[in-house]
file coords.txt (compact mmCIF, C-alpha atoms)
# COMPACT_ATOMS: atom_id res chain seq x y z
CA MET V 1253 15.85 -17.77 11.69
CA SER V 1254 14.10 -14.55 12.69
CA GLY V 1255 15.43 -12.76 9.60
CA GLU V 1256 14.13 -15.54 7.38
CA ILE V 1257 10.66 -15.28 8.89
CA HIS V 1258 10.73 -11.53 8.37
CA TYR V 1259 11.54 -11.90 4.67
CA VAL V 1260 8.93 -14.62 4.17
CA THR V 1261 6.20 -12.50 5.76
CA LEU V 1262 7.40 -9.45 3.82
CA THR V 1263 7.18 -11.41 0.57
CA ILE V 1264 3.68 -12.67 1.41
CA HIS V 1265 2.64 -9.12 2.35
CA LEU V 1266 3.92 -7.75 -0.97
CA VAL V 1267 2.31 -10.50 -3.04
CA VAL V 1268 -1.08 -10.17 -1.35
CA GLY V 1269 -0.92 -6.37 -1.55
CA PHE V 1270 -0.06 -6.35 -5.23
CA VAL V 1271 -2.74 -8.96 -5.98
CA LEU V 1272 -5.24 -6.62 -4.30
CA VAL V 1273 -4.01 -3.67 -6.37
CA PHE V 1274 -4.06 -5.78 -9.56
CA LEU V 1275 -7.64 -6.96 -8.97
CA ALA V 1276 -8.81 -3.43 -8.19
CA ALA V 1277 -7.11 -2.12 -11.34
CA LYS V 1278 -8.67 -4.90 -13.39
CA ALA V 1279 -12.11 -4.05 -11.96
CA PHE V 1280 -11.60 -0.36 -12.79
CA LYS V 1281 -10.53 -1.20 -16.32
CA LYS V 1282 -13.65 -3.31 -16.77
CA THR V 1283 -16.16 -0.89 -15.21
CA LYS V 1284 -14.51 2.55 -15.69
CA TYR V 1285 -16.15 3.45 -12.37
CA PRO V 1286 -14.20 6.49 -11.00
CA PRO V 1287 -14.33 5.47 -7.31
CA MET V 1288 -12.66 2.20 -8.31
CA ALA V 1289 -9.68 4.21 -9.58
CA LEU V 1290 -9.47 5.85 -6.15
CA LEU V 1291 -9.43 2.37 -4.59
CA VAL V 1292 -6.49 1.42 -6.80
CA ILE V 1293 -4.60 4.56 -5.78
CA GLY V 1294 -5.42 4.13 -2.09
CA PHE V 1295 -4.45 0.46 -1.98
CA SER V 1296 -1.25 1.23 -3.89
CA LEU V 1297 -0.25 3.95 -1.43
CA ILE V 1298 -0.90 1.68 1.55
CA VAL V 1299 1.11 -1.20 0.08
CA ILE V 1300 3.96 1.12 -0.94
CA GLY V 1301 3.95 3.02 2.36
CA ASP V 1302 3.63 0.08 4.70
CA THR V 1303 5.73 -2.52 2.95
CA ILE V 1304 8.24 -0.90 0.64
CA ILE V 1305 8.92 2.45 2.32
CA GLY V 1306 8.61 0.87 5.77
CA ASP V 1307 11.31 -1.68 5.06
CA ILE V 1308 13.58 0.88 3.41
CA VAL V 1309 13.25 3.10 6.49
CA GLU V 1310 13.97 0.13 8.75
CA PHE V 1311 16.96 -0.99 6.66
CA LEU V 1312 18.50 2.49 6.44
CA ASP V 1313 17.64 3.22 10.09
CA GLN V 1314 16.18 6.64 9.26
CA GLY V 1315 14.59 7.16 12.65
CA ILE V 1316 11.64 9.45 13.20
CA PHE V 1317 11.91 11.25 9.85
CA GLY V 1318 11.58 7.99 7.95
CA GLU V 1319 8.68 6.91 10.14
CA ILE V 1320 6.90 10.19 9.41
CA ILE V 1321 7.30 9.66 5.66
CA GLU V 1322 6.09 6.05 5.89
CA GLU V 1323 3.07 6.89 8.01
CA SER V 1324 2.21 9.95 5.90
CA ILE V 1325 2.03 7.84 2.74
CA GLU V 1326 -0.22 5.34 4.52
CA ILE V 1327 -2.47 8.09 5.89
CA VAL V 1328 -2.88 9.59 2.41
CA GLY V 1329 -3.75 6.08 1.16
CA PHE V 1330 -6.47 5.73 3.78
CA ILE V 1331 -7.84 9.20 2.96
CA VAL V 1332 -8.05 8.21 -0.71
CA LEU V 1333 -9.89 5.02 0.29
CA ILE V 1334 -12.34 7.06 2.34
CA LEU V 1335 -12.97 9.30 -0.67
CA ALA V 1336 -13.56 6.22 -2.82
CA VAL V 1337 -16.14 4.85 -0.42
CA LYS V 1338 -17.89 8.22 -0.06
CA ARG V 1339 -18.11 8.64 -3.84
CA SER V 1340 -19.48 5.17 -4.50
call {"tool": "encode", "arguments": {"input": "coords.txt", "output": "structure tokens"}}
result
Amino acid sequence: MSGEIHYVTLTIHLVVGFVLVFLAAKAFKKTKYPPMALLVIGFSLIVIGDTIIGDIVEFLDQGIFGEIIEESIEIVGFIVLILAVKRS
């Protein structure tokens, strides 16, 4: 039961994350506003780092090295989001 809940929440997390990335990309395409492109990149890195890389690290049991990679991708995503906000 616990595994099923994990996969349901993971699926919801991925869907919501990719909807966010899709809407940001659609907004950038419409406006061509450069900070919006940074938002797309930042959101993408956070979704990839937190959800995809995080679960791969957990599945493969990579330990601290995997955690460092996962968190580094997320940190870069947040830095890109900060740059987007500062440039807007």
call {"tool": "atom_distance", "arguments": {"input": "coords.txt", "atom1": "atom CA of V:Ser1254", "atom2": "atom CA of V:Gly1329"}}
result
29.6 Å
call {"tool": "closest_residue", "arguments": {"input": "coords.txt", "among": "V:Leu1333, V:Met1288, V:Val1260, V:Ile1327", "to": "V:Asp1302", "atoms": "only C-alpha atoms"}}
result
V:Ile1327
call {"tool": "closest_residue", "arguments": {"input": "coords.txt", "among": "V:Ile1305, V:Ile1331, V:Val1273, V:Val1337", "to": "V:Pro1286", "atoms": "only C-alpha atoms"}}
result
V:Val1337
call {"tool": "residues_around", "arguments": {"input": "coords.txt", "residues": "V:His1265", "least_positions_apart": "5", "cutoff": "10 Å", "atoms": "only C-alpha atoms", "output": "compact mmCIF listing (two decimals) with C-alpha atoms, keeping the file's coordinate frame"}}
result
# COMPACT_ATOMS: atom_id res chain seq x y z
CA TYR V 1259 11.54 -11.90 4.67
CA VAL V 1260 8.93 -14.62 4.17
CA PHE V 1270 -0.06 -6.35 -5.23
CA VAL V 1271 -2.74 -8.96 -5.98
CA VAL V 1299 1.11 -1.20 0.08
CA ASP V 1302 3.63 0.08 4.70
CA THR V 1303 5.73 -2.52 2.95
call {"tool": "atom_distance", "arguments": {"input": "coords.txt", "atom1": "atom CA of V:Ile1300", "atom2": "atom CA of V:Glu1319"}}
result
13.4 Å
call {"tool": "residues_around", "arguments": {"input": "coords.txt", "residues": "V:Val1268", "least_positions_apart": "6", "cutoff": "12 Å", "atoms": "all atoms listed in the file", "output": "list in words"}}
result
Thr1261, Leu1262, Phe1274, Leu1275, Phe1295, Ser1296, Val1299 and Thr1303 of chain V
call {"tool": "atom_distance", "arguments": {"input": "coords.txt", "atom1": "atom CA of V:Leu1266", "atom2": "atom CA of V:Ile1325"}}
result
16.1 Å
call {"tool": "closest_residue", "arguments": {"input": "coords.txt", "among": "V:Val1292, V:Ile1298, V:Val1309, V:Ser1324", "to": "V:Ala1336", "atoms": "all atoms listed in the file"}}
result
V:Val1292
call {"tool": "residues_around", "arguments": {"input": "coords.txt", "residues": "V:Gly1318", "least_positions_apart": "3", "cutoff": "9 Å", "atoms": "only C-alpha atoms", "output": "short mmCIF file (atom, residue, chain, number, x, y, z; two decimals) with C-alpha atoms, keeping the file's coordinate frame"}}
result
data_model
loop_
_atom_site.label_atom_id
_atom_site.label_comp_id
_atom_site.auth_asym_id
_atom_site.auth_seq_id
_atom_site.Cartn_x
_atom_site.Cartn_y
_atom_site.Cartn_z
CA ILE V 1305 8.92 2.45 2.32
CA GLY V 1306 8.61 0.87 5.77
CA ILE V 1308 13.58 0.88 3.41
CA VAL V 1309 13.25 3.10 6.49
CA GLU V 1310 13.97 0.13 8.75
CA LEU V 1312 18.50 2.49 6.44
CA ASP V 1313 17.64 3.22 10.09
CA GLN V 1314 16.18 6.64 9.26
CA GLY V 1315 14.59 7.16 12.65
CA ILE V 1321 7.30 9.66 5.66
CA GLU V 1322 6.09 6.05 5.89
CA GLU V 1323 3.07 6.89 8.01
#
call {"tool": "decode", "arguments": {"input": "coords.txt", "residues": "stretch 1268-1317 of chain V", "atoms": "N, CA and C atoms", "output": "short mmCIF file (atom, residue, chain, number, x, y, z; two decimals), in the first residue's frame"}}
result
data_model
loop_
_atom_site.label_atom_id
_atom_site.label_comp_id
_atom_site.auth_asym_id
_atom_site.auth_seq_id
_atom_site.Cartn_x
_atom_site.Cartn_y
_atom_site.Cartn_z
N VAL V 1268 1.99 17.75 -12.38
CA VAL V 1268 1.89 19.16 -12.00
C VAL V 1268 3.16 19.92 -12.38
N GLY V 1269 4.31 19.31 -12.17
CA GLY V 1269 5.57 19.96 -12.54
C GLY V 1269 5.67 20.21 -14.03
N PHE V 1270 5.31 19.21 -14.83
CA PHE V 1270 5.40 19.39 -16.28
C PHE V 1270 4.32 20.33 -16.81
N VAL V 1271 3.17 20.39 -16.15
CA VAL V 1271 2.16 21.39 -16.53
C VAL V 1271 2.71 22.79 -16.28
N LEU V 1272 3.38 22.97 -15.15
CA LEU V 1272 4.00 24.26 -14.84
C LEU V 1272 5.04 24.63 -15.89
N VAL V 1273 5.90 23.70 -16.25
CA VAL V 1273 6.92 23.95 -17.27
C VAL V 1273 6.26 24.25 -18.62
N PHE V 1274 5.23 23.49 -18.97
CA PHE V 1274 4.53 23.70 -20.24
C PHE V 1274 3.90 25.09 -20.29
N LEU V 1275 3.23 25.51 -19.22
CA LEU V 1275 2.59 26.83 -19.21
C LEU V 1275 3.63 27.96 -19.27
N ALA V 1276 4.75 27.76 -18.58
CA ALA V 1276 5.81 28.77 -18.64
C ALA V 1276 6.40 28.84 -20.04
N ALA V 1277 6.60 27.69 -20.68
CA ALA V 1277 7.14 27.68 -22.04
C ALA V 1277 6.16 28.31 -23.02
N LYS V 1278 4.89 28.05 -22.83
CA LYS V 1278 3.86 28.65 -23.68
C LYS V 1278 3.83 30.17 -23.51
N ALA V 1279 3.98 30.64 -22.27
CA ALA V 1279 4.02 32.08 -22.01
C ALA V 1279 5.25 32.71 -22.66
N PHE V 1280 6.40 32.02 -22.57
CA PHE V 1280 7.61 32.55 -23.21
C PHE V 1280 7.43 32.63 -24.72
N LYS V 1281 6.87 31.59 -25.30
CA LYS V 1281 6.67 31.56 -26.74
C LYS V 1281 5.76 32.71 -27.19
N LYS V 1282 4.78 33.03 -26.37
CA LYS V 1282 3.84 34.09 -26.70
C LYS V 1282 4.47 35.48 -26.53
N THR V 1283 5.23 35.67 -25.46
CA THR V 1283 5.75 37.00 -25.13
C THR V 1283 7.19 37.25 -25.58
N LYS V 1284 7.97 36.18 -25.75
CA LYS V 1284 9.40 36.29 -26.07
C LYS V 1284 10.16 37.11 -25.01
N TYR V 1285 9.65 37.12 -23.80
CA TYR V 1285 10.25 37.86 -22.69
C TYR V 1285 11.38 37.01 -22.10
N PRO V 1286 12.65 37.45 -22.21
CA PRO V 1286 13.79 36.63 -21.79
C PRO V 1286 13.72 36.07 -20.36
N PRO V 1287 13.28 36.84 -19.37
CA PRO V 1287 13.18 36.24 -18.03
C PRO V 1287 12.21 35.05 -17.97
N MET V 1288 11.24 35.02 -18.87
CA MET V 1288 10.31 33.89 -18.89
C MET V 1288 11.04 32.62 -19.33
N ALA V 1289 12.02 32.76 -20.21
CA ALA V 1289 12.83 31.60 -20.61
C ALA V 1289 13.62 31.07 -19.41
N LEU V 1290 14.12 31.98 -18.58
CA LEU V 1290 14.83 31.55 -17.37
C LEU V 1290 13.88 30.82 -16.42
N LEU V 1291 12.63 31.26 -16.35
CA LEU V 1291 11.65 30.55 -15.52
C LEU V 1291 11.45 29.13 -16.02
N VAL V 1292 11.36 28.97 -17.33
CA VAL V 1292 11.19 27.63 -17.91
C VAL V 1292 12.37 26.75 -17.53
N ILE V 1293 13.58 27.28 -17.68
CA ILE V 1293 14.79 26.51 -17.35
C ILE V 1293 14.83 26.16 -15.87
N GLY V 1294 14.55 27.15 -15.02
CA GLY V 1294 14.57 26.93 -13.58
C GLY V 1294 13.55 25.90 -13.12
N PHE V 1295 12.31 26.05 -13.60
CA PHE V 1295 11.27 25.08 -13.24
C PHE V 1295 11.63 23.69 -13.74
N SER V 1296 12.19 23.61 -14.94
CA SER V 1296 12.57 22.31 -15.50
C SER V 1296 13.64 21.64 -14.64
N LEU V 1297 14.64 22.40 -14.24
CA LEU V 1297 15.70 21.84 -13.40
C LEU V 1297 15.17 21.35 -12.05
N ILE V 1298 14.24 22.09 -11.48
CA ILE V 1298 13.68 21.70 -10.19
C ILE V 1298 12.86 20.42 -10.34
N VAL V 1299 12.03 20.36 -11.37
CA VAL V 1299 11.22 19.15 -11.58
C VAL V 1299 12.12 17.95 -11.87
N ILE V 1300 13.11 18.15 -12.73
CA ILE V 1300 14.03 17.05 -13.06
C ILE V 1300 14.83 16.62 -11.84
N GLY V 1301 15.39 17.60 -11.12
CA GLY V 1301 16.22 17.28 -9.96
C GLY V 1301 15.45 16.62 -8.84
N ASP V 1302 14.32 17.20 -8.50
CA ASP V 1302 13.56 16.71 -7.35
C ASP V 1302 12.86 15.40 -7.65
N THR V 1303 12.19 15.33 -8.78
CA THR V 1303 11.36 14.16 -9.05
C THR V 1303 12.11 13.05 -9.76
N ILE V 1304 12.67 13.35 -10.90
CA ILE V 1304 13.27 12.30 -11.72
C ILE V 1304 14.59 11.82 -11.14
N ILE V 1305 15.53 12.73 -10.96
CA ILE V 1305 16.85 12.35 -10.42
C ILE V 1305 16.70 11.82 -8.99
N GLY V 1306 15.83 12.45 -8.21
CA GLY V 1306 15.62 12.01 -6.83
C GLY V 1306 15.16 10.57 -6.74
N ASP V 1307 14.22 10.20 -7.61
CA ASP V 1307 13.73 8.82 -7.56
C ASP V 1307 14.74 7.83 -8.13
N ILE V 1308 15.51 8.26 -9.12
CA ILE V 1308 16.56 7.38 -9.64
C ILE V 1308 17.60 7.12 -8.56
N VAL V 1309 17.98 8.17 -7.85
CA VAL V 1309 18.95 8.03 -6.76
C VAL V 1309 18.40 7.10 -5.68
N GLU V 1310 17.13 7.28 -5.34
CA GLU V 1310 16.50 6.44 -4.32
C GLU V 1310 16.44 4.98 -4.79
N PHE V 1311 16.04 4.77 -6.04
CA PHE V 1311 15.91 3.42 -6.58
C PHE V 1311 17.26 2.70 -6.65
N LEU V 1312 18.29 3.41 -7.10
CA LEU V 1312 19.61 2.81 -7.24
C LEU V 1312 20.41 2.82 -5.95
N ASP V 1313 19.86 3.48 -4.92
CA ASP V 1313 20.51 3.56 -3.61
C ASP V 1313 21.94 4.09 -3.75
N GLN V 1314 22.06 5.28 -4.32
CA GLN V 1314 23.37 5.87 -4.60
C GLN V 1314 24.00 6.56 -3.40
N GLY V 1315 23.28 6.70 -2.33
CA GLY V 1315 23.87 7.29 -1.14
C GLY V 1315 24.12 8.79 -1.27
N ILE V 1316 25.15 9.24 -0.60
CA ILE V 1316 25.43 10.68 -0.51
C ILE V 1316 25.79 11.28 -1.86
N PHE V 1317 26.49 10.55 -2.71
CA PHE V 1317 26.87 11.09 -4.02
C PHE V 1317 25.64 11.40 -4.86
#
